[in-house]
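*Asks:* Handing you a structure now.
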Amino acid sequence: MFRKNTLKYLYEDLDELIRQYGSNRIDRFSFLSEIERLKQANEVILEGNEDFAELVENALLEKEYETLEQMAKTAIAKALSPTPSLKVLILSGAGISAESGVRTFRDSDGLWEEFDVMEVCSVEGFNRNPQLVADFYDARRHDLESKYPNRAHEMVARLKRTYPSQIDVLTQNVDDLFERAGCPDVIHLHGTLRDLRCETCQSVFEIGYKSQIGAICPVCHSSQIRHNVVMFGEEAPMYRQLQQSLDECDLFVVIGTSGQVLNVAWYAQWFEESLLNNLDPDENLDPYFKIVYHEKASEAADKIEAYIEKFLNGSPLIKDPETATL
Ligand code: OAD
């Protein structure tokens, strides 16, 4: 009896038939009719994998049994070893935290509508008025305490826990919502809101959701303390990590960023497989990605998760996100 479960079983059944035929345990007529039954039993699976179905069909028509055998071998090797070398880079921005109530920067109600970015987020602004910058980050930190991770953070956390060495989680966000969703090893490219940095000895220490007023460095006891968020005009040391992930990864997944600071459209061109999820369409961004979802991150979360899992397990990927079922 043929199994109807997954492509892997389909390939295994096909391989078994080919081996039986190859070792003369069944004749050609039985082989062809068994293949036909196999195809019928797995119609649903084959439907989403027309290339495979077509190849089987053509090989049968042409009686290219060697091709069939080769196909089965390749397919089985692929199905049985989920290519552990495949890696996924998940890069997020403010949009992934928007549904948790953390304001984005450049949307219509974004932070840069209310604050002058060059006053609160640049080296020049900081040198001019450090208190204004401290107040800005105190307010962000205080605000964060009452926010909670959403389904998109949870989805990323689940994937990272399941495939720890195959997924890199990098974010431009300074909030702690990935960590609170249980996501290990998050790379914060722009720093962390819950930490402060000592300007004397450069130690980074955590203050939770408190104000930085009166903070003293626990290492050198200096009172020269600043926020631990990168400003325009200074080095972003974690960008080295970004470069490494871009070099190493095979699938580029971007969630909730306008790409105004990190040029994600440019990076996407280096990947054969890429997925973008942003609420709003953007003609400067969308054409560079293979799959694009314009919806809230929490609504796209299931599809993104399924896509990444399929990719890591070596299954054929969907081509048209509107019609494909996962
Ligand atoms: P932006 O505010 O520039 O972009 C937010 C993106 O999220 C937009 O493309 C929105 O369409 C999308 N978005 C909004 N709500 C969404 C939702 N519910 N689901 C999915 N997408 C949604 O934020 P970033 O690109 O992250 O740097 O900004 C990059 C950097 O600019 C920040 O890290 C910050 C800022 O200056 C520093 O402060 C150092």
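FYI, nothing fancy with the structure tokens labels: chains A, B, ... in order, residues from 1 per chain, ligands from 1 as they appear.
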Please find the residues contacting ligand 1 at a distance of at most 6 Å between atoms, with only C-alpha atoms and all ligand atoms counted, and report them as a PyMOL selection string.
*Replies:* chain A and resi 93-96+98-99+104-107+172-173+190+230-231+256-261+277-280+296-297
*Asks:* Give me the residues within 10 Å of segment 285-293 of chain A as a PyMOL selection string, counting only C-alpha atoms and dropping any in the same chain fewer than 6 places off.
*Replies:* chain A and resi 252-255+257-260+263-279+299-300+303-304+307+318-322
*Asks:* Run DSSP on the backbone and give me the residues of segment 144-314 of chain A it puts in helix (DSSP H, G or I), as an MDAnalysis selection string.
*Replies:* chainID A and resid 144 151:162 177:180 239:248 264:268 286:288 297:312
*Asks:* Which one of A:His142, A:Arg25, A:Lys87, A:Arg19 sits closest to Asp247 of chain A if you count only C-alpha atoms?
*Replies:*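 Ranked by minimum distance to Asp247 of chain A, first place goes to A:Lys87.
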*Asks:* Out of segment 154-197 of chain A, which residues get strand (DSSP E or B) from DSSP, as a VMD selection string?
*Replies:* chain A and resid 167 to 171 186 to 188 191 to 197
*Asks:* Which of these residues is nearest to Leu262 of chain A, using only C-alpha atoms: A:Leu242, A:Ala139, A:Val88, A:Ile187?
*Replies:*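 The shortest atom-to-atom distance to Leu262 of chain A comes from A:Leu242.
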*Asks:* Extract, using only C-alpha atoms, all DNA, RNA and protein residues at most 8 Å from Asn150 of chain A, discarding same-chain residues fewer than 6 positions from it, and format them as a list in words.
*Replies:*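 So, after excluding close chain neighbours, the residues are Ser97, Glu99, Ser100 and Ser298 of chain A.
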*Asks:* Find the residue from A:Asp109, A:Glu179, A:Asp13, A:Glu234 that sits nearest to Phe126 of chain A; use only C-alpha atoms when measuring.
*Replies:* A:Glu234
*Asks:* At a cut-off of 12 Å, using only C-alpha atoms, what residues contact Leu170 of chain A? Leave out same-chain residues fewer than 4 positions from it and give the result as number ranges by chain.
*Replies:* A: 88-93, 156-157, 160, 174, 178, 183-191, 238-246, 252-255, 262
*Asks:* Could you dump the residues just selected with N, CA and C atoms as a JSON list (two decimals), in the first residue's frame?
*Replies:*
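Below is the file that was written, part05.json:
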```json
[["chain", "number", "residue", "atom", "x", "y", "z"],
["A", 88, "VAL", "N", 19.66, 30.13, 7.18],
["A", 88, "VAL", "CA", 18.67, 31.19, 6.95],
["A", 88, "VAL", "C", 19.03, 32.40, 7.80],
["A", 89, "LEU", "N", 19.00, 33.56, 7.16],
["A", 89, "LEU", "CA", 19.18, 34.82, 7.91],
["A", 89, "LEU", "C", 17.81, 35.48, 8.05],
["A", 90, "ILE", "N", 17.38, 35.67, 9.29],
["A", 90, "ILE", "CA", 16.13, 36.40, 9.54],
["A", 90, "ILE", "C", 16.51, 37.78, 10.08],
["A", 91, "LEU", "N", 16.23, 38.79, 9.28],
["A", 91, "LEU", "CA", 16.60, 40.16, 9.65],
["A", 91, "LEU", "C", 15.31, 40.96, 9.87],
["A", 92, "SER", "N", 15.18, 41.56, 11.03],
["A", 92, "SER", "CA", 13.92, 42.27, 11.31],
["A", 92, "SER", "C", 14.19, 43.74, 11.61],
["A", 93, "GLY", "N", 13.07, 44.49, 11.57],
["A", 93, "GLY", "CA", 13.11, 45.90, 11.92],
["A", 93, "GLY", "C", 11.88, 46.24, 12.74],
["A", 156, "VAL", "N", 9.70, 33.33, 15.23],
["A", 156, "VAL", "CA", 11.15, 33.38, 15.03],
["A", 156, "VAL", "C", 11.86, 32.63, 16.16],
["A", 157, "ALA", "N", 11.37, 32.82, 17.39],
["A", 157, "ALA", "CA", 11.98, 32.15, 18.54],
["A", 157, "ALA", "C", 11.88, 30.63, 18.41],
["A", 160, "LYS", "N", 14.34, 29.40, 15.80],
["A", 160, "LYS", "CA", 15.73, 29.48, 16.27],
["A", 160, "LYS", "C", 16.03, 28.37, 17.28],
["A", 174, "VAL", "N", 15.98, 47.59, 19.17],
["A", 174, "VAL", "CA", 16.68, 47.66, 20.45],
["A", 174, "VAL", "C", 15.80, 47.13, 21.57],
["A", 178, "PHE", "N", 12.21, 39.70, 21.32],
["A", 178, "PHE", "CA", 12.65, 38.36, 20.89],
["A", 178, "PHE", "C", 13.08, 37.54, 22.12],
["A", 183, "CYS", "N", 13.71, 33.56, 22.42],
["A", 183, "CYS", "CA", 14.63, 33.38, 21.30],
["A", 183, "CYS", "C", 16.08, 33.51, 21.78],
["A", 184, "PRO", "N", 16.88, 32.44, 21.61],
["A", 184, "PRO", "CA", 18.28, 32.54, 22.02],
["A", 184, "PRO", "C", 19.14, 33.26, 20.98],
["A", 185, "ASP", "N", 20.26, 33.78, 21.42],
["A", 185, "ASP", "CA", 21.32, 34.31, 20.53],
["A", 185, "ASP", "C", 20.83, 35.33, 19.50],
["A", 186, "VAL", "N", 20.11, 36.32, 19.95],
["A", 186, "VAL", "CA", 19.67, 37.38, 19.04],
["A", 186, "VAL", "C", 20.80, 38.39, 18.89],
["A", 187, "ILE", "N", 21.09, 38.76, 17.64],
["A", 187, "ILE", "CA", 22.12, 39.78, 17.39],
["A", 187, "ILE", "C", 21.41, 41.12, 17.22],
["A", 188, "HIS", "N", 21.68, 42.04, 18.13],
["A", 188, "HIS", "CA", 21.07, 43.37, 18.05],
["A", 188, "HIS", "C", 22.06, 44.31, 17.33],
["A", 189, "LEU", "N", 21.75, 44.60, 16.09],
["A", 189, "LEU", "CA", 22.68, 45.38, 15.26],
["A", 189, "LEU", "C", 22.82, 46.82, 15.75],
["A", 190, "HIS", "N", 21.77, 47.36, 16.36],
["A", 190, "HIS", "CA", 21.80, 48.76, 16.77],
["A", 190, "HIS", "C", 21.85, 48.94, 18.28],
["A", 191, "GLY", "N", 22.11, 47.88, 19.02],
["A", 191, "GLY", "CA", 22.24, 48.00, 20.46],
["A", 191, "GLY", "C", 21.01, 47.50, 21.20],
["A", 238, "MET", "N", 28.29, 45.58, 15.35],
["A", 238, "MET", "CA", 27.61, 44.32, 15.00],
["A", 238, "MET", "C", 27.36, 44.17, 13.50],
["A", 239, "TYR", "N", 27.62, 45.22, 12.73],
["A", 239, "TYR", "CA", 27.47, 45.08, 11.28],
["A", 239, "TYR", "C", 28.44, 44.05, 10.71],
["A", 240, "ARG", "N", 29.52, 43.80, 11.45],
["A", 240, "ARG", "CA", 30.44, 42.74, 11.01],
["A", 240, "ARG", "C", 29.73, 41.39, 11.03],
["A", 241, "GLN", "N", 28.91, 41.21, 12.06],
["A", 241, "GLN", "CA", 28.14, 39.98, 12.17],
["A", 241, "GLN", "C", 27.12, 39.86, 11.03],
["A", 242, "LEU", "N", 26.56, 41.02, 10.68],
["A", 242, "LEU", "CA", 25.60, 41.04, 9.56],
["A", 242, "LEU", "C", 26.30, 40.59, 8.28],
["A", 243, "GLN", "N", 27.48, 41.14, 8.04],
["A", 243, "GLN", "CA", 28.23, 40.77, 6.83],
["A", 243, "GLN", "C", 28.50, 39.28, 6.79],
["A", 244, "GLN", "N", 28.87, 38.74, 7.96],
["A", 244, "GLN", "CA", 29.17, 37.30, 8.02],
["A", 244, "GLN", "C", 27.92, 36.47, 7.71],
["A", 245, "SER", "N", 26.79, 36.87, 8.30],
["A", 245, "SER", "CA", 25.55, 36.13, 8.04],
["A", 245, "SER", "C", 25.14, 36.24, 6.58],
["A", 246, "LEU", "N", 25.31, 37.42, 6.01],
["A", 246, "LEU", "CA", 24.97, 37.59, 4.59],
["A", 246, "LEU", "C", 25.83, 36.67, 3.73],
["A", 252, "PHE", "N", 17.29, 34.55, 2.65],
["A", 252, "PHE", "CA", 17.26, 35.87, 3.32],
["A", 252, "PHE", "C", 15.81, 36.22, 3.62],
["A", 253, "VAL", "N", 15.47, 36.29, 4.90],
["A", 253, "VAL", "CA", 14.09, 36.61, 5.30],
["A", 253, "VAL", "C", 14.09, 37.95, 6.02],
["A", 254, "VAL", "N", 13.30, 38.88, 5.52],
["A", 254, "VAL", "CA", 13.29, 40.23, 6.08],
["A", 254, "VAL", "C", 11.88, 40.55, 6.57],
["A", 255, "ILE", "N", 11.78, 40.99, 7.81],
["A", 255, "ILE", "CA", 10.45, 41.27, 8.37],
["A", 255, "ILE", "C", 10.43, 42.67, 8.99],
["A", 262, "LEU", "N", 19.47, 49.93, 6.68],
["A", 262, "LEU", "CA", 20.17, 48.80, 6.06],
["A", 262, "LEU", "C", 19.57, 48.57, 4.68]]
```
